[in-house]
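Structure data follow from start-v8.json (JSON, C-alpha atoms):
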```json
[["chain", "number", "residue", "atom", "x", "y", "z"],
["A", 644, "MET", "CA", -13.60, 11.92, 29.48],
["A", 645, "PRO", "CA", -11.17, 14.02, 27.41],
["A", 646, "ARG", "CA", -8.44, 12.05, 25.68],
["A", 647, "THR", "CA", -4.83, 12.42, 26.72],
["A", 648, "ALA", "CA", -2.04, 13.75, 24.51],
["A", 649, "HIS", "CA", -1.02, 10.14, 23.90],
["A", 650, "GLN", "CA", -4.32, 9.19, 22.24],
["A", 651, "THR", "CA", -5.83, 9.67, 18.81],
["A", 652, "SER", "CA", -9.29, 11.12, 18.33],
["A", 653, "GLN", "CA", -10.58, 7.53, 18.34],
["A", 654, "GLY", "CA", -9.12, 7.01, 21.82],
["A", 655, "ALA", "CA", -6.48, 4.58, 20.55],
["A", 656, "PRO", "CA", -2.91, 4.89, 21.90],
["A", 657, "LEU", "CA", -0.82, 6.97, 19.51],
["A", 658, "GLY", "CA", 2.52, 5.19, 19.98],
["A", 659, "PRO", "CA", 1.44, 1.75, 18.75],
["A", 660, "LEU", "CA", -0.17, 3.33, 15.68],
["A", 661, "ILE", "CA", 3.09, 5.01, 14.77],
["A", 662, "ARG", "CA", 5.02, 1.78, 15.37],
["A", 663, "LYS", "CA", 2.59, -0.26, 13.28],
["A", 664, "ARG", "CA", 2.75, 2.19, 10.38],
["A", 665, "ARG", "CA", 6.57, 2.26, 10.56],
["A", 666, "LYS", "CA", 6.73, -1.53, 10.41],
["A", 667, "GLN", "CA", 4.24, -1.63, 7.53],
["A", 668, "LEU", "CA", 6.75, 0.39, 5.54],
["A", 669, "GLY", "CA", 9.69, -1.75, 6.71],
["A", 670, "LEU", "CA", 11.44, 1.17, 8.40],
["A", 671, "THR", "CA", 13.77, 0.96, 11.39],
["A", 672, "LEU", "CA", 13.62, 3.61, 14.10],
["A", 673, "LYS", "CA", 16.86, 5.01, 12.71],
["A", 674, "GLN", "CA", 15.41, 5.30, 9.21],
["A", 675, "LEU", "CA", 12.25, 6.93, 10.54],
["A", 676, "GLY", "CA", 14.37, 9.34, 12.56],
["A", 677, "GLU", "CA", 16.36, 10.30, 9.46],
["A", 678, "ARG", "CA", 13.15, 10.88, 7.50],
["A", 679, "ALA", "CA", 11.46, 12.88, 10.23],
["A", 680, "GLY", "CA", 14.52, 14.73, 11.55],
["A", 681, "LEU", "CA", 14.04, 13.27, 15.03],
["A", 682, "SER", "CA", 16.29, 11.26, 17.32],
["A", 683, "VAL", "CA", 15.94, 7.50, 17.69],
["A", 684, "GLY", "CA", 15.66, 7.88, 21.47],
["A", 685, "TYR", "CA", 12.78, 10.33, 21.20],
["A", 686, "LEU", "CA", 10.91, 8.22, 18.66],
["A", 687, "SER", "CA", 11.34, 5.18, 20.88],
["A", 688, "GLN", "CA", 9.77, 7.13, 23.75],
["A", 689, "VAL", "CA", 6.87, 8.20, 21.50],
["A", 690, "GLU", "CA", 6.22, 4.65, 20.28],
["A", 691, "ARG", "CA", 6.13, 3.41, 23.88],
["A", 692, "ASP", "CA", 3.76, 6.26, 24.82],
["A", 693, "ASN", "CA", 6.33, 7.70, 27.21],
["A", 694, "ALA", "CA", 6.42, 11.00, 25.30],
["A", 695, "ALA", "CA", 3.67, 12.99, 23.63],
["A", 696, "PRO", "CA", 4.69, 14.73, 20.39],
["A", 697, "SER", "CA", 3.50, 18.23, 19.62],
["A", 698, "LEU", "CA", 1.23, 18.67, 16.62],
["A", 699, "GLY", "CA", 4.19, 19.93, 14.58],
["A", 700, "THR", "CA", 6.32, 16.92, 15.50],
["A", 701, "LEU", "CA", 3.45, 14.56, 14.75],
["A", 702, "ALA", "CA", 3.15, 16.20, 11.32],
["A", 703, "GLN", "CA", 6.86, 15.43, 10.74],
["A", 704, "ILE", "CA", 6.30, 11.80, 11.70],
["A", 705, "ALA", "CA", 3.20, 11.55, 9.50],
["A", 706, "GLU", "CA", 5.10, 12.89, 6.49],
["A", 707, "ALA", "CA", 7.93, 10.45, 7.18],
["A", 708, "VAL", "CA", 5.55, 7.48, 7.06],
["A", 709, "ASP", "CA", 3.71, 8.73, 3.96],
["A", 710, "VAL", "CA", 0.37, 9.60, 5.55],
["A", 711, "GLY", "CA", -1.42, 12.82, 6.29],
["A", 712, "LEU", "CA", -1.72, 14.22, 9.78],
["A", 713, "ASP", "CA", -5.38, 13.25, 9.80],
["A", 714, "TYR", "CA", -4.30, 9.57, 9.81],
["A", 715, "PHE", "CA", -3.45, 10.06, 13.49],
["A", 716, "VAL", "CA", -5.88, 12.74, 14.62],
["A", 717, "SER", "CA", -9.09, 12.46, 12.59],
["A", 718, "THR", "CA", -12.15, 10.29, 13.13],
["A", 719, "PRO", "CA", -12.73, 8.33, 9.91],
["A", 720, "ARG", "CA", -16.18, 8.31, 8.34],
["A", 721, "PRO", "CA", -17.52, 5.31, 6.39],
["A", 722, "ALA", "CA", -18.08, 7.56, 3.37],
["A", 723, "ASP", "CA", -14.36, 8.38, 3.26],
["A", 724, "ALA", "CA", -13.62, 4.77, 2.28],
["A", 725, "LEU", "CA", -16.04, 4.72, -0.67],
["A", 726, "THR", "CA", -14.47, 4.83, -4.13],
["A", 727, "ARG", "CA", -16.33, 4.92, -7.43],
["A", 728, "ASP", "CA", -15.43, 3.77, -10.90],
["A", 729, "GLY", "CA", -13.77, 6.62, -12.77],
["A", 730, "GLY", "CA", -13.18, 8.65, -9.62],
["A", 731, "ARG", "CA", -10.35, 6.79, -7.91],
["A", 732, "VAL", "CA", -6.85, 8.21, -7.49],
["A", 733, "ARG", "CA", -4.54, 6.96, -10.25],
["A", 734, "PHE", "CA", -0.78, 7.02, -10.07],
["A", 735, "SER", "CA", 2.33, 5.34, -11.42],
["A", 736, "LEU", "CA", 5.75, 4.75, -9.92],
["A", 737, "ALA", "CA", 8.92, 6.23, -11.36],
["A", 738, "ASP", "CA", 10.29, 4.30, -14.36],
["A", 739, "SER", "CA", 7.23, 2.01, -14.48],
["A", 740, "ASP", "CA", 4.58, 1.68, -17.17],
["A", 741, "LEU", "CA", 1.99, 0.29, -14.73],
["A", 742, "VAL", "CA", -0.95, 2.48, -13.72],
["A", 743, "TYR", "CA", -2.47, 1.96, -10.26],
["A", 744, "GLU", "CA", -5.90, 2.86, -8.94],
["A", 745, "GLN", "CA", -6.15, 3.12, -5.17],
["A", 746, "ILE", "CA", -8.95, 0.95, -3.76],
["A", 747, "SER", "CA", -8.12, 0.79, -0.06],
["A", 748, "HIS", "CA", -8.47, 3.59, 2.46],
["A", 749, "GLU", "CA", -5.96, 4.17, 5.23],
["A", 750, "PHE", "CA", -7.18, 4.59, 8.80],
["A", 751, "PRO", "CA", -5.50, 3.96, 12.15],
["A", 752, "GLY", "CA", -5.00, 0.23, 12.63],
["A", 753, "SER", "CA", -5.79, -0.73, 9.03],
["A", 754, "GLU", "CA", -3.93, -3.81, 7.80],
["A", 755, "LEU", "CA", -4.81, -4.09, 4.11],
["A", 756, "SER", "CA", -3.72, -2.25, 1.00],
["A", 757, "SER", "CA", -5.57, -2.74, -2.27],
["A", 758, "TYR", "CA", -5.02, -1.43, -5.77],
["A", 759, "MET", "CA", -6.30, -2.03, -9.28],
["A", 760, "LEU", "CA", -3.33, -2.53, -11.61],
["A", 761, "HIS", "CA", -3.55, -1.64, -15.30],
["A", 762, "VAL", "CA", -0.91, -3.82, -16.96],
["A", 763, "PRO", "CA", 0.29, -3.00, -20.48],
["A", 764, "ALA", "CA", 0.94, -5.72, -23.03],
["A", 765, "GLY", "CA", 4.31, -7.41, -22.58],
["A", 766, "HIS", "CA", 4.96, -6.02, -19.09],
["A", 767, "VAL", "CA", 7.33, -8.13, -16.94],
["A", 768, "SER", "CA", 7.69, -7.55, -13.19],
["A", 769, "GLU", "CA", 10.79, -8.11, -11.10],
["A", 770, "LEU", "CA", 11.15, -11.21, -8.89],
["A", 771, "VAL", "CA", 10.54, -10.22, -5.26],
["A", 772, "ARG", "CA", 9.95, -11.65, -1.80],
["A", 773, "HIS", "CA", 8.88, -9.86, 1.37],
["A", 774, "GLU", "CA", 6.85, -10.20, 4.56],
["A", 775, "GLY", "CA", 3.05, -10.32, 4.45],
["A", 776, "GLU", "CA", 0.63, -11.96, 2.06],
["A", 777, "GLU", "CA", -1.07, -11.07, -1.19],
["A", 778, "ILE", "CA", -4.24, -11.89, -3.11],
["A", 779, "ILE", "CA", -4.60, -11.18, -6.82],
["A", 780, "VAL", "CA", -7.75, -11.45, -8.93],
["A", 781, "ILE", "CA", -7.54, -11.14, -12.71],
["A", 782, "LEU", "CA", -10.27, -8.74, -13.87],
["A", 783, "GLU", "CA", -9.40, -8.57, -17.57],
["A", 784, "GLY", "CA", -6.82, -10.12, -19.84],
["A", 785, "GLU", "CA", -4.25, -12.80, -19.00],
["A", 786, "ILE", "CA", -1.28, -12.98, -16.63],
["A", 787, "GLU", "CA", 1.47, -15.53, -16.01],
["A", 788, "GLN", "CA", 2.24, -15.63, -12.29],
["A", 789, "VAL", "CA", 5.47, -17.21, -11.06],
["A", 790, "LEU", "CA", 5.29, -18.46, -7.49],
["A", 791, "GLY", "CA", 8.37, -20.30, -6.27],
["A", 792, "ASP", "CA", 9.07, -23.08, -8.78],
["A", 793, "GLU", "CA", 5.60, -22.97, -10.33],
["A", 794, "THR", "CA", 4.06, -20.85, -13.07],
["A", 795, "PHE", "CA", 0.32, -20.26, -13.28],
["A", 796, "HIS", "CA", -1.42, -19.01, -16.44],
["A", 797, "MET", "CA", -4.30, -16.92, -15.12],
["A", 798, "ARG", "CA", -7.30, -15.54, -17.00],
["A", 799, "ALA", "CA", -10.16, -13.20, -16.10],
["A", 800, "GLY", "CA", -11.93, -14.50, -12.98],
["A", 801, "ASP", "CA", -8.93, -16.47, -11.67],
["A", 802, "SER", "CA", -7.43, -15.66, -8.27],
["A", 803, "LEU", "CA", -4.36, -16.58, -6.22],
["A", 804, "HIS", "CA", -3.55, -16.10, -2.51],
["A", 805, "TYR", "CA", 0.07, -16.53, -1.43],
["A", 806, "SER", "CA", 2.74, -15.65, 1.10],
["A", 807, "GLY", "CA", 4.99, -12.74, 0.16],
["A", 808, "ALA", "CA", 7.92, -14.78, 1.51],
["A", 809, "THR", "CA", 7.67, -17.04, -1.56],
["A", 810, "PRO", "CA", 9.64, -15.54, -4.47],
["A", 811, "HIS", "CA", 7.09, -14.25, -6.97],
["A", 812, "ALA", "CA", 6.83, -12.36, -10.22],
["A", 813, "TRP", "CA", 4.35, -11.98, -13.05],
["A", 814, "ARG", "CA", 4.08, -10.87, -16.64],
["A", 815, "ASN", "CA", 1.52, -10.08, -19.30],
["A", 816, "PRO", "CA", 2.47, -12.46, -22.13],
["A", 817, "THR", "CA", -0.17, -11.17, -24.56],
["A", 818, "ASP", "CA", -0.49, -8.23, -26.94],
["A", 819, "ARG", "CA", -3.44, -6.84, -24.96],
["A", 820, "PRO", "CA", -3.57, -4.92, -21.65],
["A", 821, "ALA", "CA", -4.79, -6.62, -18.48],
["A", 822, "ARG", "CA", -6.27, -5.51, -15.16],
["A", 823, "ILE", "CA", -5.49, -7.05, -11.78],
["A", 824, "LEU", "CA", -7.07, -6.44, -8.38],
["A", 825, "TRP", "CA", -4.18, -6.65, -5.87],
["A", 826, "THR", "CA", -4.71, -6.83, -2.10],
["A", 827, "GLY", "CA", -1.95, -7.29, 0.46],
["A", 828, "THR", "CA", -1.15, -6.97, 4.15],
["A", 829, "LEU", "CA", 2.08, -5.07, 3.56],
["A", 830, "GLY", "CA", 2.24, -1.44, 2.46],
["A", 831, "VAL", "CA", 4.58, -2.23, -0.42],
["A", 832, "LEU", "CA", 2.94, 0.27, -2.75],
["A", 833, "HIS", "CA", 3.05, 3.42, -0.63],
["A", 834, "ARG", "CA", 3.28, 6.33, -3.03],
["A", 835, "ALA", "CA", 6.61, 7.93, -2.09],
["A", 836, "GLY", "CA", 8.11, 8.87, -5.43],
["A", 837, "ALA", "CA", 4.89, 8.12, -7.26],
["A", 838, "ARG", "CA", 3.64, 10.36, -10.00],
["A", 839, "ARG", "CA", -0.01, 11.26, -10.53],
["A", 840, "THR", "CA", -1.48, 10.46, -13.93],
["A", 841, "ASP", "CA", -4.69, 11.75, -15.42],
["A", 842, "ALA", "CA", -4.38, 9.74, -18.61],
["A", 843, "PRO", "CA", -6.99, 6.96, -18.79],
["A", 844, "PRO", "CA", -5.47, 3.47, -18.88],
["A", 845, "ARG", "CA", -5.93, 1.37, -21.97],
["A", 846, "LEU", "CA", -8.80, -1.06, -21.54],
["A", 847, "LEU", "CA", -9.61, -4.25, -23.41],
["A", 848, "LYS", "CA", -11.89, -3.84, -26.38]]
```
Turn the structure described in the file into structure tokens.
Amino acid sequence: MPRTAHQTSQGAPLGPLIRKRRKQLGLTLKQLGERAGLSVGYLSQVERDNAAPSLGTLAQIAEAVDVGLDYFVSTPRPADALTRDGGRVRFSLADSDLVYEQISHEFPGSELSSYMLHVPAGHVSELVRHEGEEIIVILEGEIEQVLGDETFHMRAGDSLHYSGATPHAWRNPTDRPARILWTGTLGVLHRAGARRTDAPPRLLK
């Protein structure tokens, strides 16, 4: 049976996918409308599957939620999610000395984001709290993780799983770089404003 205009190529309803992606980014309908140049009323109709956007309008929505059009219309292949050492996308955020490697792959309905963080010596993060949960695994080096009123000194092989609602921060207290595998249920590291870097991160000797 051919799919309707309200369905993705996987047969999943389009509206809930848009709503889920919007909420992953912490956007209100008004904010999404401002980004996409669309009215709140129309977006509400789309999210409830009461209106079917044209391909051009869907492209506007996709850009507004930091994904490509294929996020909503393509059938993912298992091979698309494979990343290899040395071949992953690397980027950094404006005014940050961290370098990220993208581990996770976005597809309709995906919940997790995952990145490898290359942390320079002496780096100190800001204290944050947010919805969702996080898991960190120290791959190389040492990190001090603050979680609520506690501080954990973590070394290679150590891991920590915690709620994002608990105030948290971390720092590299050593004179050597570190690497962290970060996985979370909230898209807090979407790459709006990110800059691509081709420089290899410093690794431990």
- Write out as a VMD selection string each polymer residue whose atoms come within 12 Å of stretch 792-807 of chain A, counting all atoms listed in the file; drop sequence neighbours fewer than 4 positions from it. chain A and resid 770 to 788 811 to 817 820 to 831 847
- Item | Counting all atoms listed in the file, the residue of A:Leu668, A:Leu760, A:Val789, A:Leu657 that sits nearest A:Val710 | A:Leu668
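Relative to atom CA of A:Tyr743, atom CA of A:Tyr758 is found at 6.2 Å.
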- Query: Hey, what's within 12 Å of A:Arg664 if we count only C-alpha atoms and toss same-chain stuff fewer than 3 positions away? As a ChimeraX atom specification, please?
  - Reply: /A:657-661,667-672,675,690,704-710,714-715,749-755,828-831,833
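When atom CA of A:Val742 is paired with atom CA of A:Leu790, their separation reads 22.7 Å.
The coordinates place atom CA of A:Gln703 at 13.3 Å from atom CA of A:Gln674.
With distances restricted to all atoms listed in the file, A:Leu712 is the closest residue to A:Leu698 from A:Leu712, A:Leu686, A:Arg731, A:Val762.
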